[in-house]
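Q: Pasting in a structure now, in structure tokens, and then I'll have a few things to ask.
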Amino acid sequence: MQDRQRWLAVRDLPAPARADIPALFRDSQTESAGLFEDGKLLACFIPQWEAIRRDEGLCLHLRCVHTLPDQPDDVTRLITLWASDYAARQGLPFVRAETLAAHPPDADPVAALLRRLTDMGWSVKSSGTGRKGDRAARLELAAERRSGLSVLIGCCLHAPGTVPDDRSSA
């Protein structure tokens, strides 16, 4: 996370202003997830279950998504595939996330990022003040089972209040 935040700062790109993101991941009360390859942490995020609207059930919300700088879009694509599959396996209709947008969503560099995310299946639902008070673009991804994904991604994350079982594997 610190590497990503430095990378953003050097390029004068938006970075979280009101939260100590590394502290969130160090907090033992925070359930975080990581994407590893050969023991190297390529990405981390905080998966949370949140209410869609009153009395409409839950969705998976990916908070504080950080990737290791200078990684190809494949890392983001793997997170996208995993999140969509995992939400579907948990019976959730979709995944939500936010991305910082210090600029309007149609201005670079935010526009380029949002184009890549929409090409991966994310929809931009709105923009405005995010959860931490920063300007953000709100994203949504349909849940969809992806057979064979477990060959690429092993998953040991489980839904709150459950114990891991075969259904939790991506």
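Going through the structure tokens in order, the chains are called A, B, and so on, while each chain numbers its residues from 1 and the ligands are numbered from 1 in the order shown.
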What's the 6 Å shell around segment 134-140 of chain A, counting only C-alpha atoms, without same-chain residues fewer than 2 positions away, as JSON, numbers by chain?
A: {"A": [95, 96, 97, 98, 99, 100, 101, 102, 122, 123, 124, 125, 126, 127, 128, 129, 130, 132]}
Q: Taking the DSSP assignment computed from this structure's backbone, write out as a compact mmCIF listing (two decimals) with C-alpha atoms, in the first residue's frame all residues of segment 115-146 of chain A that belong to strand (DSSP E).
A:
```
# COMPACT_ATOMS: atom_id res chain seq x y z
CA SER A 123 -20.16 -0.12 -14.58
CA VAL A 124 -19.68 3.44 -13.36
CA LYS A 125 -22.82 4.10 -11.32
CA SER A 126 -22.10 7.62 -10.07
CA SER A 127 -19.47 9.99 -8.79
CA GLY A 128 -19.29 12.29 -5.81
CA THR A 129 -18.10 12.11 -2.25
CA ARG A 135 -14.09 12.54 -4.49
CA ALA A 136 -14.78 9.07 -5.91
CA ALA A 137 -16.35 7.19 -8.79
CA ARG A 138 -18.72 4.43 -7.63
CA LEU A 139 -18.46 1.16 -9.52
CA GLU A 140 -20.60 -1.96 -9.76
CA LEU A 141 -19.91 -5.41 -11.20
CA ALA A 142 -22.49 -8.14 -11.78
```
Q: When DSSP works through the backbone of this structure, what residues of segment 31-121 of chain A end up as alpha helix (DSSP H), shown as a VMD selection string?
A: chain A and resid 74 to 89 110 to 119
Q: Quick one: residues within 8 Å of Ala87 of chain A, only C-alpha atoms counted, chain neighbours fewer than 5 positions away excluded, as number ranges by chain?
A: A: 59-60, 92-95, 143-144
Q: Smallest atom-to-atom distance to Pro72 of chain A: which of A:Arg116, A:Val110, A:Tyr86, A:Ser32, using only C-alpha atoms?
A: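 Among the listed residues, A:Arg116 lies closest to Pro72 of chain A.
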Q: Between atom CA of Asp119 of chain A and atom CA of Ala51 of chain A, what is the spacing in Å?
A: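 Straight-line distance from atom CA of Ala51 of chain A to atom CA of Asp119 of chain A works out to 26.2 Å.
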Q: Any idea what the distance is between atom CA of Gln48 of chain A and atom CA of His61 of chain A?
A: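 Taking atom CA of Gln48 of chain A as the start and atom CA of His61 of chain A as the end point, the length is 5.1 Å.
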Q: What is the atom CA of Gln90 of chain A-atom CA of Leu58 of chain A distance in Å, reported with one decimal?
A: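 Atom CA of Leu58 of chain A lies 10.0 Å from atom CA of Gln90 of chain A.
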Q: Residues at most 9 Å from segment 33-37 of chain A, counting only C-alpha atoms, excluding those fewer than 3 positions away in the same chain, as a list in words?
A: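 So, after excluding close chain neighbours, the residues are Lys40, Leu41, Leu42, Ala43, Cys44, Phe45, Ile46, Pro47, Thr67, Val75, Leu78, Ile79, Ile153 and Leu157 of chain A.
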Q: Any chance you could export the current selection's all heavy atoms as a compact mmCIF listing (two decimals), in the first residue's frame?
A:
```txt
# COMPACT_ATOMS: atom_id res chain seq x y z
N LYS A 40 4.63 -13.46 -3.57
CA LYS A 40 4.72 -12.00 -3.67
C LYS A 40 3.31 -11.42 -3.63
O LYS A 40 2.43 -11.83 -4.40
CB LYS A 40 5.42 -11.62 -4.98
CG LYS A 40 5.59 -10.15 -5.18
CD LYS A 40 6.33 -9.91 -6.51
CE LYS A 40 6.58 -8.45 -6.76
NZ LYS A 40 7.28 -8.24 -8.04
N LEU A 41 3.09 -10.43 -2.76
CA LEU A 41 1.79 -9.77 -2.66
C LEU A 41 1.64 -8.80 -3.82
O LEU A 41 2.36 -7.81 -3.91
CB LEU A 41 1.68 -9.02 -1.32
CG LEU A 41 0.38 -8.26 -1.08
CD1 LEU A 41 -0.82 -9.22 -1.03
CD2 LEU A 41 0.48 -7.46 0.21
N LEU A 42 0.70 -9.09 -4.72
CA LEU A 42 0.46 -8.24 -5.89
C LEU A 42 -0.66 -7.23 -5.66
O LEU A 42 -0.68 -6.17 -6.29
CB LEU A 42 0.11 -9.09 -7.11
CG LEU A 42 1.15 -10.11 -7.56
CD1 LEU A 42 0.64 -10.89 -8.76
CD2 LEU A 42 2.48 -9.43 -7.85
N ALA A 43 -1.59 -7.56 -4.77
CA ALA A 43 -2.72 -6.67 -4.49
C ALA A 43 -3.32 -7.03 -3.14
O ALA A 43 -3.21 -8.17 -2.68
CB ALA A 43 -3.78 -6.81 -5.58
N CYS A 44 -3.95 -6.04 -2.53
CA CYS A 44 -4.68 -6.29 -1.29
C CYS A 44 -5.93 -5.42 -1.29
O CYS A 44 -6.00 -4.42 -1.98
CB CYS A 44 -3.79 -6.02 -0.08
SG CYS A 44 -3.11 -4.36 -0.01
N PHE A 45 -6.92 -5.86 -0.52
CA PHE A 45 -8.18 -5.13 -0.42
C PHE A 45 -8.92 -5.62 0.80
O PHE A 45 -8.55 -6.63 1.41
CB PHE A 45 -9.03 -5.28 -1.68
CG PHE A 45 -9.28 -6.71 -2.09
CD1 PHE A 45 -10.40 -7.39 -1.64
CD2 PHE A 45 -8.39 -7.36 -2.93
CE1 PHE A 45 -10.62 -8.71 -2.01
CE2 PHE A 45 -8.61 -8.67 -3.32
CZ PHE A 45 -9.73 -9.35 -2.86
N ILE A 46 -9.97 -4.89 1.15
CA ILE A 46 -10.82 -5.25 2.28
C ILE A 46 -12.20 -5.60 1.74
O ILE A 46 -12.92 -4.72 1.26
CB ILE A 46 -10.91 -4.10 3.30
CG1 ILE A 46 -9.51 -3.77 3.84
CG2 ILE A 46 -11.88 -4.44 4.42
CD1 ILE A 46 -9.44 -2.52 4.68
N PRO A 47 -12.55 -6.89 1.76
CA PRO A 47 -13.89 -7.28 1.30
C PRO A 47 -14.90 -7.11 2.44
O PRO A 47 -14.66 -7.54 3.56
CB PRO A 47 -13.72 -8.76 0.95
CG PRO A 47 -12.61 -9.23 1.83
CD PRO A 47 -11.73 -8.04 2.10
N THR A 67 -2.92 -2.17 -5.63
CA THR A 67 -2.08 -3.12 -6.38
C THR A 67 -0.64 -2.65 -6.30
O THR A 67 -0.36 -1.46 -6.12
CB THR A 67 -2.51 -3.20 -7.86
OG1 THR A 67 -2.42 -1.91 -8.44
CG2 THR A 67 -3.93 -3.74 -7.99
N VAL A 75 -3.58 -8.08 -13.00
CA VAL A 75 -3.85 -8.16 -11.56
C VAL A 75 -5.27 -7.65 -11.30
O VAL A 75 -6.05 -8.30 -10.59
CB VAL A 75 -2.80 -7.37 -10.75
CG1 VAL A 75 -3.20 -7.29 -9.29
CG2 VAL A 75 -1.43 -8.00 -10.90
N LEU A 78 -7.78 -10.15 -12.61
CA LEU A 78 -7.95 -11.31 -11.71
C LEU A 78 -8.81 -10.96 -10.51
O LEU A 78 -9.67 -11.75 -10.10
CB LEU A 78 -6.59 -11.85 -11.26
CG LEU A 78 -5.80 -12.61 -12.32
CD1 LEU A 78 -4.41 -12.96 -11.79
CD2 LEU A 78 -6.53 -13.86 -12.76
N ILE A 79 -8.61 -9.77 -9.94
CA ILE A 79 -9.46 -9.34 -8.82
C ILE A 79 -10.90 -9.24 -9.29
O ILE A 79 -11.83 -9.68 -8.61
CB ILE A 79 -8.98 -7.99 -8.25
CG1 ILE A 79 -7.61 -8.15 -7.60
CG2 ILE A 79 -9.99 -7.43 -7.25
CD1 ILE A 79 -6.94 -6.84 -7.23
N ILE A 153 -6.94 -19.03 -9.41
CA ILE A 153 -7.01 -18.35 -8.12
C ILE A 153 -7.52 -19.30 -7.05
O ILE A 153 -8.63 -19.82 -7.15
CB ILE A 153 -7.96 -17.14 -8.19
CG1 ILE A 153 -7.53 -16.16 -9.28
CG2 ILE A 153 -8.02 -16.43 -6.84
CD1 ILE A 153 -8.51 -15.04 -9.52
N LEU A 157 -11.05 -17.23 1.62
CA LEU A 157 -11.89 -16.24 2.25
C LEU A 157 -13.27 -16.84 2.47
O LEU A 157 -13.76 -17.60 1.65
CB LEU A 157 -12.00 -15.01 1.34
CG LEU A 157 -12.75 -13.81 1.87
CD1 LEU A 157 -12.01 -13.20 3.05
CD2 LEU A 157 -12.89 -12.78 0.76
```
Q: For Leu117 of chain A, which of A:Glu50, A:Leu81, A:Gly154, A:Gly39 is the closest residue, counting only C-alpha atoms?
A: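 Closest candidate: A:Leu81.
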